[in-house]
Amino acid sequence: MAITGWRVHFTRRDLAWPQQVTPLMEEFTTLFARLDQQLDTWGVPEGQPFLIRPTGGYDVALNRYFTVWLAPSPWNTQAAHARELRTFFDFLWFARGQCAWRNATVDDLLRCSTTRITNLVQAVLTPRLTCSN
């Protein structure tokens with residue numbers, strides 16, 4: 001997989017299926033058939049953002065930020081937060097030697113500081129940074 005940096009995606013229900021079903025699609029048919037109901041069970045609204053690591057992984061703890069802290073926020077606020085976090089996490093990945101967001105320091109935050117990113121990242125990282133000092 002090519003490393004393209006962090007990616008922002010948004011949940012979508014009722015996606016159109018291709019007319020020709022591939023063997024891979026057949027393997028996951030039952031999973032995809034229940035996906036809409038599972039998202040409803042988990043309380044994940046349509047259009048909620050989520051972040052994917054450059055390596056392709058999904059970080060449950062990170063993405064809980066959208067389902068817990070930003071759940072009542074409008075869609076455009078959630079999307080803006082996701083994109084700002086992606087910018088900071090790309091900085092960590094490309095400029096800080098593939099540093100994981102959990103290992104970010106105050107110095108990292110200061111070096112990638114714009115007012116908006118600083119305020120947002122402090123809100124996400126402050127509990128972790130104060131506990132580790």
# chains A, B, ... in the order shown; residues from 1 in each chain; ligands from 1
call {"tool": "select_by_dssp", "arguments": {"residues": "chain A", "states": "alpha helix (DSSP H)", "output": "PyMOL selection string"}}
result
chain A and resi 23-27+29-42+60-64+75-95+106-111+115-132
call {"tool": "residues_around", "arguments": {"residues": "Asp59 (chain A)", "least_positions_apart": "6", "cutoff": "12 Å", "atoms": "only C-alpha atoms", "output": "PDB file with all heavy atoms, in the first residue's frame"}}
result
ATOM      1  N   TRP A   6      -2.511  10.444   6.418  1.00  0.00           N
ATOM      2  CA  TRP A   6      -3.787  10.178   7.078  1.00  0.00           C
ATOM      3  C   TRP A   6      -4.921  10.521   6.124  1.00  0.00           C
ATOM      4  O   TRP A   6      -4.800  11.432   5.308  1.00  0.00           O
ATOM      5  CB  TRP A   6      -3.898  11.035   8.343  1.00  0.00           C
ATOM      6  CG  TRP A   6      -3.098  10.487   9.478  1.00  0.00           C
ATOM      7  CD1 TRP A   6      -1.758  10.642   9.683  1.00  0.00           C
ATOM      8  CD2 TRP A   6      -3.582   9.697  10.558  1.00  0.00           C
ATOM      9  NE1 TRP A   6      -1.390   9.994  10.824  1.00  0.00           N
ATOM     10  CE2 TRP A   6      -2.488   9.406  11.383  1.00  0.00           C
ATOM     11  CE3 TRP A   6      -4.839   9.203  10.893  1.00  0.00           C
ATOM     12  CZ2 TRP A   6      -2.613   8.642  12.540  1.00  0.00           C
ATOM     13  CZ3 TRP A   6      -4.963   8.451  12.042  1.00  0.00           C
ATOM     14  CH2 TRP A   6      -3.862   8.176  12.857  1.00  0.00           C
ATOM     15  N   PHE A  50     -14.370   9.818  10.103  1.00  0.00           N
ATOM     16  CA  PHE A  50     -13.438   8.945  10.809  1.00  0.00           C
ATOM     17  C   PHE A  50     -12.097   9.025  10.093  1.00  0.00           C
ATOM     18  O   PHE A  50     -12.028   9.330   8.908  1.00  0.00           O
ATOM     19  CB  PHE A  50     -13.947   7.503  10.921  1.00  0.00           C
ATOM     20  CG  PHE A  50     -14.236   6.816   9.618  1.00  0.00           C
ATOM     21  CD1 PHE A  50     -13.290   5.983   9.028  1.00  0.00           C
ATOM     22  CD2 PHE A  50     -15.460   6.977   8.986  1.00  0.00           C
ATOM     23  CE1 PHE A  50     -13.563   5.332   7.831  1.00  0.00           C
ATOM     24  CE2 PHE A  50     -15.748   6.324   7.792  1.00  0.00           C
ATOM     25  CZ  PHE A  50     -14.786   5.502   7.211  1.00  0.00           C
ATOM     26  N   LEU A  51     -11.034   8.802  10.847  1.00  0.00           N
ATOM     27  CA  LEU A  51      -9.679   8.907  10.319  1.00  0.00           C
ATOM     28  C   LEU A  51      -9.078   7.517  10.135  1.00  0.00           C
ATOM     29  O   LEU A  51      -9.286   6.627  10.961  1.00  0.00           O
ATOM     30  CB  LEU A  51      -8.808   9.718  11.278  1.00  0.00           C
ATOM     31  CG  LEU A  51      -9.175  11.202  11.362  1.00  0.00           C
ATOM     32  CD1 LEU A  51      -8.668  11.819  12.645  1.00  0.00           C
ATOM     33  CD2 LEU A  51      -8.619  11.948  10.174  1.00  0.00           C
ATOM     34  N   ILE A  52      -8.323   7.366   9.055  1.00  0.00           N
ATOM     35  CA  ILE A  52      -7.612   6.126   8.754  1.00  0.00           C
ATOM     36  C   ILE A  52      -6.112   6.448   8.730  1.00  0.00           C
ATOM     37  O   ILE A  52      -5.695   7.431   8.105  1.00  0.00           O
ATOM     38  CB  ILE A  52      -8.042   5.548   7.383  1.00  0.00           C
ATOM     39  CG1 ILE A  52      -9.537   5.244   7.378  1.00  0.00           C
ATOM     40  CG2 ILE A  52      -7.215   4.330   7.015  1.00  0.00           C
ATOM     41  CD1 ILE A  52      -9.952   4.126   8.294  1.00  0.00           C
ATOM     42  N   ARG A  53      -5.327   5.630   9.438  1.00  0.00           N
ATOM     43  CA  ARG A  53      -3.868   5.818   9.490  1.00  0.00           C
ATOM     44  C   ARG A  53      -3.251   5.667   8.099  1.00  0.00           C
ATOM     45  O   ARG A  53      -3.826   5.005   7.226  1.00  0.00           O
ATOM     46  CB  ARG A  53      -3.227   4.755  10.380  1.00  0.00           C
ATOM     47  CG  ARG A  53      -3.539   4.850  11.813  1.00  0.00           C
ATOM     48  CD  ARG A  53      -2.707   3.774  12.544  1.00  0.00           C
ATOM     49  NE  ARG A  53      -3.218   3.574  13.869  1.00  0.00           N
ATOM     50  CZ  ARG A  53      -3.843   2.482  14.290  1.00  0.00           C
ATOM     51  NH1 ARG A  53      -4.031   1.464  13.481  1.00  0.00           N
ATOM     52  NH2 ARG A  53      -4.259   2.394  15.525  1.00  0.00           N
ATOM     53  N   TYR A  65     -13.420  10.133  19.524  1.00  0.00           N
ATOM     54  CA  TYR A  65     -13.536  11.587  19.659  1.00  0.00           C
ATOM     55  C   TYR A  65     -14.766  12.091  18.901  1.00  0.00           C
ATOM     56  O   TYR A  65     -15.486  12.959  19.397  1.00  0.00           O
ATOM     57  CB  TYR A  65     -12.254  12.249  19.127  1.00  0.00           C
ATOM     58  CG  TYR A  65     -12.304  13.753  19.077  1.00  0.00           C
ATOM     59  CD1 TYR A  65     -12.294  14.507  20.244  1.00  0.00           C
ATOM     60  CD2 TYR A  65     -12.346  14.421  17.865  1.00  0.00           C
ATOM     61  CE1 TYR A  65     -12.334  15.891  20.197  1.00  0.00           C
ATOM     62  CE2 TYR A  65     -12.386  15.804  17.810  1.00  0.00           C
ATOM     63  CZ  TYR A  65     -12.371  16.537  18.980  1.00  0.00           C
ATOM     64  OH  TYR A  65     -12.417  17.903  18.931  1.00  0.00           O
ATOM     65  N   PHE A  66     -15.008  11.524  17.732  1.00  0.00           N
ATOM     66  CA  PHE A  66     -16.148  11.979  16.927  1.00  0.00           C
ATOM     67  C   PHE A  66     -17.475  11.453  17.468  1.00  0.00           C
ATOM     68  O   PHE A  66     -18.485  12.139  17.399  1.00  0.00           O
ATOM     69  CB  PHE A  66     -15.972  11.566  15.467  1.00  0.00           C
ATOM     70  CG  PHE A  66     -14.737  12.152  14.843  1.00  0.00           C
ATOM     71  CD1 PHE A  66     -13.625  11.366  14.605  1.00  0.00           C
ATOM     72  CD2 PHE A  66     -14.668  13.495  14.531  1.00  0.00           C
ATOM     73  CE1 PHE A  66     -12.475  11.906  14.059  1.00  0.00           C
ATOM     74  CE2 PHE A  66     -13.526  14.054  13.989  1.00  0.00           C
ATOM     75  CZ  PHE A  66     -12.429  13.253  13.749  1.00  0.00           C
ATOM     76  N   ALA A 100       3.426   8.451  16.063  1.00  0.00           N
ATOM     77  CA  ALA A 100       2.010   8.176  16.311  1.00  0.00           C
ATOM     78  C   ALA A 100       1.401   9.339  17.099  1.00  0.00           C
ATOM     79  O   ALA A 100       2.090   9.995  17.886  1.00  0.00           O
ATOM     80  CB  ALA A 100       1.864   6.879  17.096  1.00  0.00           C
ATOM     81  N   TRP A 101       0.121   9.569  16.926  1.00  0.00           N
ATOM     82  CA  TRP A 101      -0.520  10.691  17.612  1.00  0.00           C
ATOM     83  C   TRP A 101      -0.428  10.545  19.124  1.00  0.00           C
ATOM     84  O   TRP A 101      -0.347  11.531  19.840  1.00  0.00           O
ATOM     85  CB  TRP A 101      -1.967  10.874  17.138  1.00  0.00           C
ATOM     86  CG  TRP A 101      -2.920   9.799  17.559  1.00  0.00           C
ATOM     87  CD1 TRP A 101      -3.202   8.646  16.885  1.00  0.00           C
ATOM     88  CD2 TRP A 101      -3.722   9.773  18.736  1.00  0.00           C
ATOM     89  NE1 TRP A 101      -4.127   7.905  17.572  1.00  0.00           N
ATOM     90  CE2 TRP A 101      -4.476   8.572  18.715  1.00  0.00           C
ATOM     91  CE3 TRP A 101      -3.893  10.635  19.814  1.00  0.00           C
ATOM     92  CZ2 TRP A 101      -5.364   8.230  19.719  1.00  0.00           C
ATOM     93  CZ3 TRP A 101      -4.788  10.297  20.808  1.00  0.00           C
ATOM     94  CH2 TRP A 101      -5.510   9.099  20.756  1.00  0.00           C
ATOM     95  N   ARG A 102      -0.412   9.321  19.619  1.00  0.00           N
ATOM     96  CA  ARG A 102      -0.308   9.101  21.065  1.00  0.00           C
ATOM     97  C   ARG A 102       1.048   9.511  21.620  1.00  0.00           C
ATOM     98  O   ARG A 102       1.192   9.725  22.804  1.00  0.00           O
ATOM     99  CB  ARG A 102      -0.568   7.634  21.391  1.00  0.00           C
ATOM    100  CG  ARG A 102      -2.001   7.226  21.255  1.00  0.00           C
ATOM    101  CD  ARG A 102      -2.155   5.769  21.686  1.00  0.00           C
ATOM    102  NE  ARG A 102      -3.534   5.383  21.746  1.00  0.00           N
ATOM    103  CZ  ARG A 102      -4.165   4.719  20.794  1.00  0.00           C
ATOM    104  NH1 ARG A 102      -3.529   4.378  19.698  1.00  0.00           N
ATOM    105  NH2 ARG A 102      -5.432   4.404  20.919  1.00  0.00           N
TER     106      ARG A 102
END
call {"tool": "closest_residue", "arguments": {"among": "A:Pro49, A:Gly56, A:Gly43, A:Pro23", "to": "Thr11 (chain A)", "atoms": "only C-alpha atoms"}}
result
A:Pro49
call {"tool": "closest_atom_pairs", "arguments": {"of": "region 15-87 of chain A", "to": "region 105-114 of chain A", "cutoff": "12 Å", "atoms": "only C-alpha atoms", "output": "CSV"}}
result
residue,atom,partner,partner_atom,distance
A:Glu84,CA,A:Thr114,CA,9.9
A:Leu85,CA,A:Cys112,CA,11.2
A:Thr87,CA,A:Cys112,CA,9.0
call {"tool": "write_last_selection", "arguments": {"atoms": "N, CA, C and O atoms", "output": "short mmCIF file (atom, residue, chain, number, x, y, z; two decimals), in the first residue's frame"}}
result
data_model
loop_
_atom_site.label_atom_id
_atom_site.label_comp_id
_atom_site.auth_asym_id
_atom_site.auth_seq_id
_atom_site.Cartn_x
_atom_site.Cartn_y
_atom_site.Cartn_z
N GLU A 84 -8.57 19.09 10.33
CA GLU A 84 -7.49 19.72 11.11
C GLU A 84 -6.64 18.67 11.82
O GLU A 84 -5.42 18.78 11.86
N LEU A 85 -7.30 17.66 12.37
CA LEU A 85 -6.54 16.57 13.00
C LEU A 85 -5.68 15.86 11.97
O LEU A 85 -4.52 15.53 12.23
N THR A 87 -4.34 17.12 9.35
CA THR A 87 -3.19 17.99 9.07
C THR A 87 -2.10 17.81 10.13
O THR A 87 -0.92 17.65 9.80
#
call {"tool": "residues_around", "arguments": {"residues": "Ala79 (chain A)", "least_positions_apart": "2", "cutoff": "9 Å", "atoms": "only C-alpha atoms", "output": "PDB file with N, CA, C and O atoms, in the first residue's frame"}}
result
ATOM      1  N   VAL A   8      -9.253  11.163   5.747  1.00  0.00           N
ATOM      2  CA  VAL A   8     -10.549  11.420   6.366  1.00  0.00           C
ATOM      3  C   VAL A   8     -11.613  10.793   5.479  1.00  0.00           C
ATOM      4  O   VAL A   8     -11.614  10.986   4.264  1.00  0.00           O
ATOM      5  N   PHE A  10     -16.027   9.555   5.565  1.00  0.00           N
ATOM      6  CA  PHE A  10     -17.309   9.835   6.205  1.00  0.00           C
ATOM      7  C   PHE A  10     -18.217   8.623   6.029  1.00  0.00           C
ATOM      8  O   PHE A  10     -18.232   8.014   4.957  1.00  0.00           O
ATOM      9  N   GLY A  47     -22.745  10.381   7.674  1.00  0.00           N
ATOM     10  CA  GLY A  47     -21.805  11.463   7.406  1.00  0.00           C
ATOM     11  C   GLY A  47     -20.782  11.719   8.494  1.00  0.00           C
ATOM     12  O   GLY A  47     -19.984  12.640   8.381  1.00  0.00           O
ATOM     13  N   GLN A  48     -20.765  10.908   9.551  1.00  0.00           N
ATOM     14  CA  GLN A  48     -19.795  11.127  10.626  1.00  0.00           C
ATOM     15  C   GLN A  48     -18.389  10.836  10.110  1.00  0.00           C
ATOM     16  O   GLN A  48     -18.159   9.824   9.471  1.00  0.00           O
ATOM     17  N   PRO A  49     -17.425  11.729  10.394  1.00  0.00           N
ATOM     18  CA  PRO A  49     -16.066  11.488   9.911  1.00  0.00           C
ATOM     19  C   PRO A  49     -15.344  10.424  10.728  1.00  0.00           C
ATOM     20  O   PRO A  49     -15.694  10.160  11.876  1.00  0.00           O
ATOM     21  N   PRO A  74     -22.658  19.980  14.637  1.00  0.00           N
ATOM     22  CA  PRO A  74     -23.099  19.900  13.239  1.00  0.00           C
ATOM     23  C   PRO A  74     -22.070  19.169  12.380  1.00  0.00           C
ATOM     24  O   PRO A  74     -20.880  19.120  12.713  1.00  0.00           O
ATOM     25  N   TRP A  75     -22.526  18.655  11.240  1.00  0.00           N
ATOM     26  CA  TRP A  75     -21.663  17.888  10.350  1.00  0.00           C
ATOM     27  C   TRP A  75     -20.440  18.688   9.936  1.00  0.00           C
ATOM     28  O   TRP A  75     -19.326  18.165   9.924  1.00  0.00           O
ATOM     29  N   ASN A  76     -20.620  19.965   9.578  1.00  0.00           N
ATOM     30  CA  ASN A  76     -19.483  20.746   9.082  1.00  0.00           C
ATOM     31  C   ASN A  76     -18.442  20.984  10.173  1.00  0.00           C
ATOM     32  O   ASN A  76     -17.253  21.066   9.891  1.00  0.00           O
ATOM     33  N   THR A  77     -18.853  21.051  11.427  1.00  0.00           N
ATOM     34  CA  THR A  77     -17.898  21.180  12.529  1.00  0.00           C
ATOM     35  C   THR A  77     -17.098  19.899  12.673  1.00  0.00           C
ATOM     36  O   THR A  77     -15.869  19.928  12.830  1.00  0.00           O
ATOM     37  N   HIS A  81     -13.022  19.500  12.140  1.00  0.00           N
ATOM     38  CA  HIS A  81     -12.153  18.900  13.154  1.00  0.00           C
ATOM     39  C   HIS A  81     -11.359  17.740  12.564  1.00  0.00           C
ATOM     40  O   HIS A  81     -10.152  17.606  12.817  1.00  0.00           O
ATOM     41  N   ALA A  82     -12.020  16.892  11.795  1.00  0.00           N
ATOM     42  CA  ALA A  82     -11.345  15.740  11.196  1.00  0.00           C
ATOM     43  C   ALA A  82     -10.220  16.198  10.274  1.00  0.00           C
ATOM     44  O   ALA A  82      -9.117  15.641  10.301  1.00  0.00           O
ATOM     45  N   ARG A  83     -10.466  17.203   9.487  1.00  0.00           N
ATOM     46  CA  ARG A  83      -9.442  17.680   8.542  1.00  0.00           C
ATOM     47  C   ARG A  83      -8.280  18.353   9.262  1.00  0.00           C
ATOM     48  O   ARG A  83      -7.126  18.210   8.861  1.00  0.00           O
ATOM     49  N   GLU A  84      -8.570  19.089  10.327  1.00  0.00           N
ATOM     50  CA  GLU A  84      -7.493  19.724  11.106  1.00  0.00           C
ATOM     51  C   GLU A  84      -6.644  18.674  11.818  1.00  0.00           C
ATOM     52  O   GLU A  84      -5.418  18.779  11.855  1.00  0.00           O
TER      53      GLU A  84
END
call {"tool": "atom_distance", "arguments": {"atom1": "CA of Cys99 (chain A)", "atom2": "CA of Leu62 (chain A)"}}
result
14.7 Å
call {"tool": "select_by_dssp", "arguments": {"residues": "chain A", "states": "strand (DSSP E)", "output": "PDB file with N, CA and C atoms, in the first residue's frame"}}
result
ATOM      1  N   ARG A   7      -6.023   9.800   6.242  1.00  0.00           N
ATOM      2  CA  ARG A   7      -7.173  10.040   5.378  1.00  0.00           C
ATOM      3  C   ARG A   7      -8.427  10.261   6.214  1.00  0.00           C
ATOM      4  N   VAL A   8      -9.253  11.163   5.747  1.00  0.00           N
ATOM      5  CA  VAL A   8     -10.549  11.420   6.366  1.00  0.00           C
ATOM      6  C   VAL A   8     -11.613  10.793   5.479  1.00  0.00           C
ATOM      7  N   HIS A   9     -12.496  10.023   6.094  1.00  0.00           N
ATOM      8  CA  HIS A   9     -13.633   9.431   5.392  1.00  0.00           C
ATOM      9  C   HIS A   9     -14.896   9.762   6.185  1.00  0.00           C
ATOM     10  N   PHE A  10     -16.027   9.555   5.565  1.00  0.00           N
ATOM     11  CA  PHE A  10     -17.309   9.835   6.205  1.00  0.00           C
ATOM     12  C   PHE A  10     -18.217   8.623   6.029  1.00  0.00           C
ATOM     13  N   PRO A  49     -17.425  11.729  10.394  1.00  0.00           N
ATOM     14  CA  PRO A  49     -16.066  11.488   9.911  1.00  0.00           C
ATOM     15  C   PRO A  49     -15.344  10.424  10.728  1.00  0.00           C
ATOM     16  N   PHE A  50     -14.370   9.818  10.103  1.00  0.00           N
ATOM     17  CA  PHE A  50     -13.438   8.945  10.809  1.00  0.00           C
ATOM     18  C   PHE A  50     -12.097   9.025  10.093  1.00  0.00           C
ATOM     19  N   LEU A  51     -11.034   8.802  10.847  1.00  0.00           N
ATOM     20  CA  LEU A  51      -9.679   8.907  10.319  1.00  0.00           C
ATOM     21  C   LEU A  51      -9.078   7.517  10.135  1.00  0.00           C
ATOM     22  N   ILE A  52      -8.323   7.366   9.055  1.00  0.00           N
ATOM     23  CA  ILE A  52      -7.612   6.126   8.754  1.00  0.00           C
ATOM     24  C   ILE A  52      -6.112   6.448   8.730  1.00  0.00           C
TER      25      ILE A  52
END
